[in-house]
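J.: Just protein-v9.txt, nothing more (compact mmCIF, C-alpha atoms):
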# COMPACT_ATOMS: atom_id res chain seq x y z
CA MET O 1495 3.09 -28.67 -7.36
CA TYR O 1496 2.86 -25.63 -9.60
CA LEU O 1497 5.03 -24.83 -12.60
CA SER O 1498 7.67 -22.14 -12.13
CA ASP O 1499 6.84 -18.63 -13.41
CA GLN O 1500 9.35 -19.14 -16.22
CA GLU O 1501 7.65 -22.37 -17.32
CA ILE O 1502 4.23 -20.74 -17.18
CA LEU O 1503 5.42 -17.90 -19.40
CA ILE O 1504 7.03 -20.23 -21.95
CA ASP O 1505 3.90 -22.41 -22.09
CA PHE O 1506 1.65 -19.36 -22.39
CA ARG O 1507 3.51 -18.30 -25.53
CA THR O 1508 2.97 -21.75 -27.04
CA PRO O 1509 -0.51 -21.72 -28.63
CA ALA O 1510 -1.28 -25.36 -27.82
CA LEU O 1511 -0.37 -24.87 -24.13
CA LYS O 1512 -1.66 -21.33 -23.66
CA GLU O 1513 -4.91 -22.16 -21.82
CA LYS O 1514 -3.25 -24.76 -19.63
CA ALA O 1515 -0.51 -22.30 -18.64
CA TYR O 1516 -3.10 -19.64 -17.87
CA THR O 1517 -5.04 -22.04 -15.64
CA GLN O 1518 -1.79 -22.84 -13.83
CA LEU O 1519 -1.11 -19.15 -13.27
CA VAL O 1520 -4.62 -18.53 -11.92
CA LYS O 1521 -4.41 -21.51 -9.57
CA LYS O 1522 -0.93 -20.55 -8.38
CA TYR O 1523 -1.68 -16.93 -7.52
CA GLN O 1524 -5.44 -16.67 -6.97
CA GLU O 1525 -5.36 -16.90 -3.17
CA LYS O 1526 -2.64 -14.29 -2.65
CA ILE O 1527 -4.28 -11.94 -5.12
CA TYR O 1528 -7.73 -12.53 -3.65
CA TRP O 1529 -6.68 -11.66 -0.09
CA HIS O 1530 -4.83 -8.57 -1.26
CA ILE O 1531 -7.97 -7.38 -3.07
CA ARG O 1532 -10.29 -8.46 -0.27
CA ARG O 1533 -8.40 -6.40 2.32
CA LEU O 1534 -8.86 -3.34 0.13
CA VAL O 1535 -12.49 -3.71 -0.95
CA ILE O 1536 -13.63 -5.66 2.16
CA GLU O 1537 -16.65 -7.51 0.77
CA HIS O 1538 -16.34 -10.91 -0.91
CA ASP O 1539 -18.62 -10.12 -3.86
CA ASP O 1540 -16.65 -7.00 -4.67
CA ALA O 1541 -13.37 -8.88 -4.29
CA ASN O 1542 -14.65 -11.56 -6.65
CA ASP O 1543 -15.61 -8.96 -9.27
CA VAL O 1544 -12.25 -7.25 -9.01
CA MET O 1545 -10.39 -10.56 -9.20
CA GLN O 1546 -12.32 -11.46 -12.36
CA ASN O 1547 -11.19 -8.17 -13.91
CA VAL O 1548 -7.61 -8.77 -12.82
CA PHE O 1549 -7.33 -12.17 -14.45
CA ILE O 1550 -9.14 -11.01 -17.59
CA LYS O 1551 -6.52 -8.24 -17.90
CA VAL O 1552 -3.76 -10.77 -17.25
CA TRP O 1553 -5.03 -12.96 -20.12
CA GLY O 1554 -4.83 -10.00 -22.49
CA ALA O 1555 -1.49 -8.66 -21.32
CA LEU O 1556 0.57 -11.70 -20.35
CA GLU O 1557 1.82 -12.27 -23.90
CA ASN O 1558 3.58 -8.90 -23.76
CA PHE O 1559 4.77 -9.27 -20.16
CA ARG O 1560 8.36 -8.08 -19.94
CA GLU O 1561 10.41 -10.31 -17.74
CA ASP O 1562 12.31 -7.44 -16.17
CA SER O 1563 9.89 -7.69 -13.25
CA GLN O 1564 8.63 -10.74 -11.38
CA LEU O 1565 5.30 -12.20 -12.39
CA TYR O 1566 4.17 -11.96 -8.77
CA THR O 1567 4.83 -8.21 -8.47
CA TRP O 1568 3.24 -7.61 -11.89
CA LEU O 1569 0.06 -9.41 -10.77
CA TYR O 1570 0.04 -7.42 -7.54
CA ARG O 1571 0.33 -4.23 -9.53
CA ILE O 1572 -2.69 -5.09 -11.67
CA ALA O 1573 -4.67 -6.20 -8.60
CA THR O 1574 -3.85 -3.00 -6.73
CA ASN O 1575 -4.79 -0.78 -9.67
CA GLU O 1576 -8.04 -2.68 -10.25
CA SER O 1577 -8.97 -2.48 -6.55
CA LEU O 1578 -8.28 1.26 -6.41
CA SER O 1579 -10.25 1.83 -9.63
CA PHE O 1580 -13.15 -0.09 -8.11
CA LEU O 1581 -13.06 2.06 -4.97
CA GLU O 1582 -12.79 5.19 -7.12
CA GLN O 1583 -15.90 4.14 -9.07
CA GLN O 1584 -17.78 3.61 -5.83
CA LYS O 1585 -16.68 7.03 -4.65
CA ARG O 1586 -17.89 8.66 -7.87
CA LYS O 1587 -21.21 6.86 -7.71
CA SER O 1588 -21.96 8.08 -4.21
CA VAL O 1589 -20.20 11.50 -4.49
CA VAL O 1590 -18.79 11.33 -0.99
CA ASP O 1591 -15.66 12.80 0.59
CA PHE O 1592 -12.78 10.92 2.21
CA ASP O 1593 -14.35 10.72 5.68
CA GLU O 1594 -17.49 9.14 4.25
CA VAL O 1595 -15.46 6.67 2.17
CA SER O 1596 -13.56 5.47 5.22
CA GLU O 1597 -16.83 5.36 7.16
CA GLY O 1598 -18.34 3.26 4.36
CA LEU O 1599 -15.43 0.81 4.53
CA SER O 1600 -15.68 0.67 8.34
CA ASN O 1601 -19.37 -0.10 8.01
CA LYS O 1602 -18.54 -2.92 5.62
CA VAL O 1603 -16.10 -4.32 8.18
CA LYS O 1604 -18.74 -4.07 10.90
CA ALA O 1605 -21.27 -5.78 8.64
CA ASP O 1606 -19.08 -8.90 8.35
CA ALA O 1607 -20.80 -11.96 9.80
CA PHE O 1608 -17.83 -12.68 12.08
CA PHE O 1609 -17.22 -9.12 13.25
CA ASP O 1610 -16.40 -8.88 16.96
CA GLU O 1611 -15.40 -5.42 18.12
CA LYS O 1612 -13.85 -6.76 21.32
CA LYS O 1613 -11.20 -8.64 19.41
CA LEU O 1614 -7.94 -6.88 18.61
CA GLU O 1615 -7.77 -8.26 15.09
CA TRP O 1616 -11.12 -6.62 14.25
CA LYS O 1617 -10.09 -3.34 15.90
CA LEU O 1618 -7.05 -3.51 13.65
CA GLN O 1619 -9.32 -3.85 10.61
CA LEU O 1620 -11.36 -0.81 11.68
CA ALA O 1621 -8.17 1.17 12.25
CA ILE O 1622 -6.90 0.33 8.75
CA GLN O 1623 -10.06 1.78 7.20
CA GLN O 1624 -9.30 5.17 8.81
CA LEU O 1625 -6.09 5.50 6.80
CA PRO O 1626 -5.77 7.45 3.57
CA GLU O 1627 -5.96 5.15 0.54
CA LYS O 1628 -2.24 5.02 -0.28
CA GLN O 1629 -1.25 4.31 3.33
CA ARG O 1630 -3.90 1.60 3.49
CA VAL O 1631 -2.42 -0.16 0.47
CA VAL O 1632 1.14 0.18 1.76
CA PHE O 1633 0.23 -1.01 5.26
CA ASN O 1634 -1.61 -4.09 3.97
CA MET O 1635 1.26 -5.09 1.70
CA ARG O 1636 3.92 -4.68 4.35
CA TYR O 1637 2.05 -5.87 7.43
CA PHE O 1638 0.03 -8.78 6.07
CA ASP O 1639 2.04 -9.87 3.04
CA GLU O 1640 5.44 -8.97 4.53
CA MET O 1641 6.46 -7.58 1.18
CA SER O 1642 9.88 -5.91 1.04
CA TYR O 1643 10.08 -2.21 0.24
CA ALA O 1644 11.96 -3.11 -2.95
CA GLU O 1645 9.07 -5.28 -4.16
CA MET O 1646 6.48 -2.72 -3.09
CA SER O 1647 8.39 -0.07 -4.98
CA LYS O 1648 7.99 -2.10 -8.19
CA VAL O 1649 4.27 -2.64 -7.57
CA LEU O 1650 3.39 0.93 -6.61
CA ASP O 1651 5.97 2.83 -8.63
CA THR O 1652 7.02 4.79 -5.56
CA SER O 1653 10.46 5.20 -3.99
CA GLU O 1654 11.41 2.86 -1.16
CA GLY O 1655 11.96 5.84 1.16
CA ALA O 1656 8.46 7.19 0.54
CA LEU O 1657 6.96 3.75 1.11
CA LYS O 1658 8.86 3.34 4.38
CA ALA O 1659 7.62 6.74 5.58
CA SER O 1660 4.08 5.82 4.55
CA TYR O 1661 4.21 2.51 6.42
CA HIS O 1662 5.62 4.08 9.57
CA HIS O 1663 2.93 6.79 9.60
CA ALA O 1664 0.24 4.19 9.00
CA ALA O 1665 1.45 1.81 11.73
CA LYS O 1666 1.68 4.66 14.26
CA LYS O 1667 -1.83 5.90 13.42
CA ILE O 1668 -3.21 2.38 13.73
CA GLU O 1669 -1.60 1.87 17.11
CA ASP O 1670 -3.01 5.20 18.35
CA PHE O 1671 -6.48 4.29 17.03
CA ILE O 1672 -6.46 0.89 18.76
CA LYS O 1673 -5.28 2.39 22.05
CA ALA O 1674 -8.05 4.98 21.94
CA TYR O 1675 -10.82 2.62 20.76
CA MET R 1267 -0.22 -57.18 8.42
CA SER R 1268 1.86 -59.32 10.82
CA ILE R 1269 4.53 -57.87 13.11
CA GLN R 1270 7.11 -59.59 10.95
CA GLY R 1271 5.71 -57.83 7.87
CA ILE R 1272 5.78 -54.42 9.57
CA MET R 1273 9.40 -54.98 10.65
CA GLU R 1274 10.38 -55.82 7.08
CA LEU R 1275 8.60 -52.72 5.76
CA LEU R 1276 10.30 -50.46 8.32
CA ALA R 1277 13.67 -51.94 7.40
CA GLN R 1278 12.99 -51.13 3.73
CA ILE R 1279 12.01 -47.51 4.55
CA LYS R 1280 15.07 -47.07 6.76
CA GLY R 1281 17.29 -48.38 3.99
CA ASN R 1282 15.81 -45.98 1.46
CA GLU R 1283 18.04 -42.91 1.18
CA LYS R 1284 15.44 -40.74 -0.51
CA THR R 1285 12.70 -39.24 1.65
CA PRO R 1286 9.18 -39.44 0.20
CA ASN R 1287 8.41 -35.84 1.32
CA ARG R 1288 9.32 -33.06 -1.04
CA VAL R 1289 9.81 -29.33 -0.52
CA PRO R 1290 9.19 -26.61 -3.12
CA GLU R 1291 12.05 -26.00 -5.53
CA GLY R 1292 14.57 -23.49 -4.18
CA TYR R 1293 13.10 -23.70 -0.66
CA PHE R 1294 16.42 -24.10 1.14
CA ASP R 1295 18.14 -21.48 -1.01
CA GLN R 1296 15.54 -18.91 0.01
CA PHE R 1297 15.15 -20.01 3.61
CA SER R 1298 17.85 -17.82 5.18
CA GLU R 1299 16.78 -14.87 3.03
CA ASN R 1300 13.15 -15.28 4.15
CA MET R 1301 14.20 -15.57 7.79
CA MET R 1302 16.22 -12.34 7.60
CA ALA R 1303 13.29 -10.53 5.96
CA ARG R 1304 11.03 -11.75 8.75
CA VAL R 1305 13.47 -10.58 11.46
CA ARG R 1306 13.71 -7.12 9.81
CA TRP R 1307 9.89 -6.94 9.62
CA GLU R 1308 9.57 -7.63 13.37
CA GLU R 1309 12.38 -5.30 14.39
CA GLU R 1310 10.82 -2.47 12.41
CA LEU R 1311 7.41 -2.94 13.99
CA LYS R 1312 8.94 -3.24 17.47
CA ILE R 1313 10.26 0.31 17.05
CA ILE R 1314 7.32 2.04 15.36
CA ALA R 1315 4.23 0.33 16.73
CA PRO R 1316 4.98 -2.56 19.14
CA LEU R 1317 1.30 -3.07 19.94
CA LEU R 1318 0.80 -4.47 16.45
CA LEU R 1319 3.11 -7.39 17.26
CA ASP R 1320 0.64 -8.54 19.91
CA ILE R 1321 -2.26 -8.73 17.49
CA PRO R 1322 -2.83 -12.19 16.02
CA ARG R 1323 -2.41 -11.95 12.26
CA LYS R 1324 -4.90 -14.71 11.58
CA PRO R 1325 -7.39 -13.95 8.80
CA VAL R 1326 -10.60 -12.28 9.95
CA TYR R 1327 -12.39 -12.46 6.60
CA PHE R 1328 -13.47 -15.69 5.02
CA ALA R 1329 -14.08 -16.67 1.43
CA PRO R 1330 -17.05 -18.95 0.75
CA GLU R 1331 -16.24 -22.63 1.10
CA GLY R 1332 -14.73 -24.11 -2.05
CA TYR R 1333 -14.32 -20.67 -3.62
CA PHE R 1334 -10.72 -21.14 -4.72
CA GLU R 1335 -11.28 -24.68 -5.98
CA GLN R 1336 -14.17 -23.49 -8.11
CA PHE R 1337 -12.87 -20.08 -9.14
CA MET R 1338 -13.01 -19.61 -12.91
CA VAL R 1339 -12.45 -16.53 -14.98
CA LYS R 1340 -15.71 -15.74 -16.75
CA PRO R 1341 -15.35 -15.17 -20.50
CA VAL R 1342 -15.53 -11.51 -21.49
CA GLN R 1343 -18.62 -10.31 -23.37
CA ALA R 1344 -17.21 -8.90 -26.61
CA THR R 1345 -19.92 -6.29 -27.05
CA ALA R 1346 -22.81 -4.93 -25.06
CA LYS R 1347 -26.26 -6.29 -25.87
CA VAL R 1348 -27.95 -4.17 -28.53
CA ILE R 1349 -31.58 -3.39 -27.80
CA LYS R 1350 -33.48 -2.74 -30.98
CA ILE R 1351 -36.00 0.10 -30.82
CA PRO R 1352 -39.16 -0.76 -32.78
CA GLY R 1353 -39.58 1.29 -35.96
CA TRP R 1354 -42.88 2.91 -34.89
CA ARG R 1355 -41.36 4.16 -31.63
CA LYS R 1356 -38.53 5.74 -33.59
CA VAL R 1357 -41.03 7.55 -35.79
CA VAL R 1358 -43.03 8.73 -32.76
CA SER R 1359 -39.82 10.06 -31.23
CA TYR R 1360 -38.90 11.91 -34.42
CA THR R 1361 -42.42 13.29 -34.78
CA ALA R 1362 -42.46 14.45 -31.16
CA ALA R 1363 -39.04 16.08 -31.58
CA ALA R 1364 -40.19 17.78 -34.78
CA ALA R 1365 -43.38 19.02 -33.09
CA ILE R 1366 -41.45 20.44 -30.11
CA ALA R 1367 -38.93 22.08 -32.42
CA GLY R 1368 -41.84 23.57 -34.39
CA VAL R 1369 -43.43 25.01 -31.25
CA LEU R 1370 -40.10 26.49 -30.12
CA VAL R 1371 -39.32 28.06 -33.51
CA THR R 1372 -42.85 29.41 -33.88
CA GLY R 1373 -42.77 30.71 -30.32
CA ALA R 1374 -39.43 32.37 -30.89
CA PHE R 1375 -40.73 33.89 -34.10
CA LEU R 1376 -43.85 35.23 -32.39
CA TYR R 1377 -41.87 36.43 -29.42
CA THR R 1378 -39.63 38.57 -31.64
CA ASP R 1379 -42.81 40.46 -32.62
CA ASN R 1380 -43.27 39.49 -36.26
CA LYS R 1381 -45.97 42.10 -36.68
CA SER R 1382 -43.31 44.72 -37.13
CA THR R 1383 -41.22 42.85 -39.69
CA ASP R 1384 -40.53 46.09 -41.43
CA ARG R 1385 -37.94 46.78 -38.74
CA PHE R 1386 -35.89 43.61 -39.54
CA ASP R 1387 -34.52 42.13 -42.72
CA VAL R 1388 -33.69 38.41 -43.23
CA ALA R 1389 -30.06 38.87 -42.24
CA THR R 1390 -31.12 40.42 -38.93
CA TYR R 1391 -33.39 37.44 -38.20
CA ASN R 1392 -30.64 34.98 -39.07
CA ALA R 1393 -28.32 36.75 -36.64
CA ILE R 1394 -30.72 36.23 -33.73
CA ASN R 1395 -29.64 33.43 -31.38
CA VAL R 1396 -33.06 32.04 -30.50
CA SER R 1397 -31.88 29.73 -27.71
CA ALA R 1398 -29.90 32.49 -26.04
CA GLU R 1399 -32.83 34.88 -26.26
CA ILE R 1400 -35.20 32.30 -24.74
CA ASN R 1401 -32.72 31.64 -21.95
CA LYS R 1402 -32.86 35.30 -20.97
CA LEU R 1403 -36.59 35.06 -20.26
CA SER R 1404 -37.97 34.44 -16.81
CA GLU R 1405 -40.23 31.42 -16.29
CA ASP R 1406 -43.13 33.73 -15.47
CA ALA R 1407 -42.72 35.59 -18.74
CA ILE R 1408 -42.75 32.29 -20.70
CA HIS R 1409 -45.85 31.02 -18.85
CA GLN R 1410 -47.66 34.29 -19.43
CA TYR R 1411 -46.73 34.28 -23.10
CA LEU R 1412 -47.85 30.67 -23.61
CA ASN R 1413 -51.17 31.31 -21.85
CA ASN R 1414 -51.90 34.32 -23.97
CA ASN R 1415 -50.60 33.32 -27.38
CA VAL R 1416 -49.53 29.82 -28.31
CA ILE R 1417 -51.99 27.08 -27.50
CA GLY R 1418 -55.04 29.23 -27.25
CA GLY R 1419 -54.78 30.47 -23.68
CA ALA R 1420 -55.79 29.02 -20.35
CA GLY R 1421 -57.85 25.82 -20.50
CA HIS R 1422 -56.27 24.65 -23.75
CA GLU R 1423 -53.09 23.09 -22.32
CA LEU R 1424 -52.34 19.56 -23.53
CA ASN R 1425 -50.88 17.06 -21.14
CA ASN R 1426 -48.22 14.53 -22.21
CA GLU R 1427 -50.70 11.69 -22.61
CA GLN R 1428 -52.86 13.73 -24.93
CA ILE R 1429 -49.84 14.74 -27.01
CA GLU R 1430 -48.63 11.14 -27.21
CA ALA R 1431 -52.11 9.87 -28.15
CA SER R 1432 -52.44 12.44 -30.91
CA LEU R 1433 -48.97 11.61 -32.25
CA VAL R 1434 -49.72 7.88 -32.29
CA GLY R 1435 -52.94 8.68 -34.17
CA ILE R 1436 -50.98 10.66 -36.76
CA VAL R 1437 -48.35 7.98 -37.16
CA GLU R 1438 -50.92 5.20 -37.55
CA ASN R 1439 -52.34 6.98 -40.58
CA ILE R 1440 -48.97 7.08 -42.34
CA ASN R 1441 -48.25 4.05 -44.54
CA ASP R 1442 -44.91 2.20 -44.48
CA GLU R 1443 -43.77 3.59 -47.82
CA GLU R 1444 -44.22 7.17 -46.64
CA LEU R 1445 -42.34 6.42 -43.44
CA VAL R 1446 -39.43 4.85 -45.35
CA ASN R 1447 -39.36 7.85 -47.70
CA TYR R 1448 -39.39 10.22 -44.73
CA LEU R 1449 -36.54 8.38 -43.03
CA ASN R 1450 -34.52 8.29 -46.28
CA GLU R 1451 -35.03 11.99 -46.81
CA SER R 1452 -34.12 12.85 -43.24
CA GLY R 1453 -30.89 10.83 -43.60
CA GLU R 1454 -31.89 8.04 -41.21
CA LYS R 1455 -31.78 4.40 -42.21
CA PRO R 1456 -35.06 2.59 -41.44
CA ALA R 1457 -34.81 -0.14 -38.81
CA SER R 1458 -34.73 -3.48 -40.59
In structure tokens, how does this file's structure come out?
T.:
Amino acid sequence: MYLSDQEILIDFRTPALKEKAYTQLVKKYQEKIYWHIRRLVIEHDDANDVMQNVFIKVWGALENFREDSQLYTWLYRIATNESLSFLEQQKRKSVVDFDEVSEGLSNKVKADAFFDEKKLEWKLQLAIQQLPEKQRVVFNMRYFDEMSYAEMSKVLDTSEGALKASYHHAAKKIEDFIKAY
Amino acid sequence: MSIQGIMELLAQIKGNEKTPNRVPEGYFDQFSENMMARVRWEEELKIIAPLLLDIPRKPVYFAPEGYFEQFMVKPVQATAKVIKIPGWRKVVSYTAAAAIAGVLVTGAFLYTDNKSTDRFDVATYNAINVSAEINKLSEDAIHQYLNNNVIGGAGHELNNEQIEASLVGIVENINDEELVNYLNESGEKPAS
């Protein structure tokens, strides 16, 4: 059983318990954060690199974490920003436009050892890669993590209305893609 | 264990009011809230893209076995590794840079037709932007000029290896004290 977020934060601010509290936090949230990152960057090695960066940032910033937001949404925010920065770096390295980026991500999906294009769940993954970046993030958070618009609004700093519109557009596009595939 | 023993054990468990299984703290408080959120999620999807409700939401990607059990945050490297450049290579670089600068300045000077210096005073020369003037030249003009004037014409070009070999030869003949003096004078600290 994990400590509550409140207990983790109190322990983290106690020098003797700091490392133990940090380990608790990593263990408690690593899987959720990993899958959120993995869905955005697709490959495991990239997801691992991004997750390392996320938790390194958390170590440096947790002391000043303001408890007006939940620890969970704060971690999601860092993970989302780190994943998007990673994708941005990749884009800059290869100097490609949007179509090529989404093609690159689709190719990564197809390169997965378990990829099976006949299965609906894999078609869904290919469809997600066709979306613009922001819609991709919003769709993943709402569809897979079932995050509420209120929580997503805190993570992405966007109004709930805009997020809802984004999700609806994304879901419609995905459905159309799967029907046509 | 005998049947009698099992019966006694079952009687003890039955008599125990507390269940050995535990649920996460606040589970029941959040249960109805979570259920409502789930119902809203499904209703929304049913309207906008019902096909997505038929797709199994099981994970398609896999993390390597034992990844989460073994995951550790690697300590951050405080600074990047500093690669020390050997002193002699530094001197060769400076000498090469000085030689190139010399060729450019001399070339620029010759190009401005120093034979007719009576037409220019020092202030006029100082006002000339050598780089800008060189940039205005075509490549052909520069090649033609170099062939005719600078290194002694066609057949006297030096390739990079020859230049490097001659520079190394020059540097080898300079003793350490002279090198240190040169670096001090040129404002560079010698590599320790």
J.: What are the residues of chain O lining chain R at 8 Å or less? Count all atoms listed in the file, and put the answer as a PyMOL selection string.
T.: chain O and resi 1495+1521+1524-1525+1538+1546+1549-1550+1606+1608+1614-1616+1638+1640+1642+1662+1665-1666+1669
J.: Would you save the residues from that selection as a PDB file, in the coordinates of the input, using C-alpha atoms?
T.:
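Output contents, as saved in again-v4.pdb:
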ATOM      1  CA  MET O1495       3.090 -28.670  -7.360  1.00  0.00           C
ATOM      2  CA  LYS O1521      -4.410 -21.510  -9.570  1.00  0.00           C
ATOM      3  CA  GLN O1524      -5.440 -16.670  -6.970  1.00  0.00           C
ATOM      4  CA  GLU O1525      -5.360 -16.900  -3.170  1.00  0.00           C
ATOM      5  CA  HIS O1538     -16.340 -10.910  -0.910  1.00  0.00           C
ATOM      6  CA  GLN O1546     -12.320 -11.460 -12.360  1.00  0.00           C
ATOM      7  CA  PHE O1549      -7.330 -12.170 -14.450  1.00  0.00           C
ATOM      8  CA  ILE O1550      -9.140 -11.010 -17.590  1.00  0.00           C
ATOM      9  CA  ASP O1606     -19.080  -8.900   8.350  1.00  0.00           C
ATOM     10  CA  PHE O1608     -17.830 -12.680  12.080  1.00  0.00           C
ATOM     11  CA  LEU O1614      -7.940  -6.880  18.610  1.00  0.00           C
ATOM     12  CA  GLU O1615      -7.770  -8.260  15.090  1.00  0.00           C
ATOM     13  CA  TRP O1616     -11.120  -6.620  14.250  1.00  0.00           C
ATOM     14  CA  PHE O1638       0.030  -8.780   6.070  1.00  0.00           C
ATOM     15  CA  GLU O1640       5.440  -8.970   4.530  1.00  0.00           C
ATOM     16  CA  SER O1642       9.880  -5.910   1.040  1.00  0.00           C
ATOM     17  CA  HIS O1662       5.620   4.080   9.570  1.00  0.00           C
ATOM     18  CA  ALA O1665       1.450   1.810  11.730  1.00  0.00           C
ATOM     19  CA  LYS O1666       1.680   4.660  14.260  1.00  0.00           C
ATOM     20  CA  GLU O1669      -1.600   1.870  17.110  1.00  0.00           C
TER      21      GLU O1669
END
J.: Using only C-alpha atoms, pick whichever of O:Ala1644, O:Ile1531, O:Ala1607, O:Val1520 has the shortest atom-to-atom distance to Ile1502 in chain O.
T.: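 Nearest to Ile1502 in chain O: O:Val1520.
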J.: For range 1507-1514 of chain O, find every residue with an atom within 12 Å (counting all atoms listed in the file), except residues of its own chain fewer than 2 positions away, and show them as a list in words.
T.: Tyr1496, Leu1497, Gln1500, Glu1501, Ile1502, Leu1503, Ile1504, Asp1505, Tyr1516, Thr1517, Gln1518, Leu1519, Val1520, Lys1521, Trp1553, Gly1554, Ala1555, Leu1556, Glu1557, Asn1558 and Phe1559 of chain O; Val1339 of chain R
J.: Find the residues around Arg1630 in chain O up to 8 Å (all atoms listed in the file counted), leave out those fewer than 5 positions away in its own chain, and share them as a PyMOL selection string.
T.: chain O and resi 1534+1622-1623+1625+1664
J.: Suppose you want the space between CA of Ala1656 in chain O and CA of Leu1620 in chain O; what is it in Å?
T.: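 Here the two named atoms are 24.1 Å from each other.
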J.: Just how far from CA of Asp1539 in chain O is CA of Ala1621 in chain O, in Å to one decimal?
T.: 22.3 Å
J.: Please indicate the distance in Å from CA of His1530 in chain O to CA of Asp1562 in chain O, rounded to one decimal place.
T.: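 It comes out at 22.7 Å.
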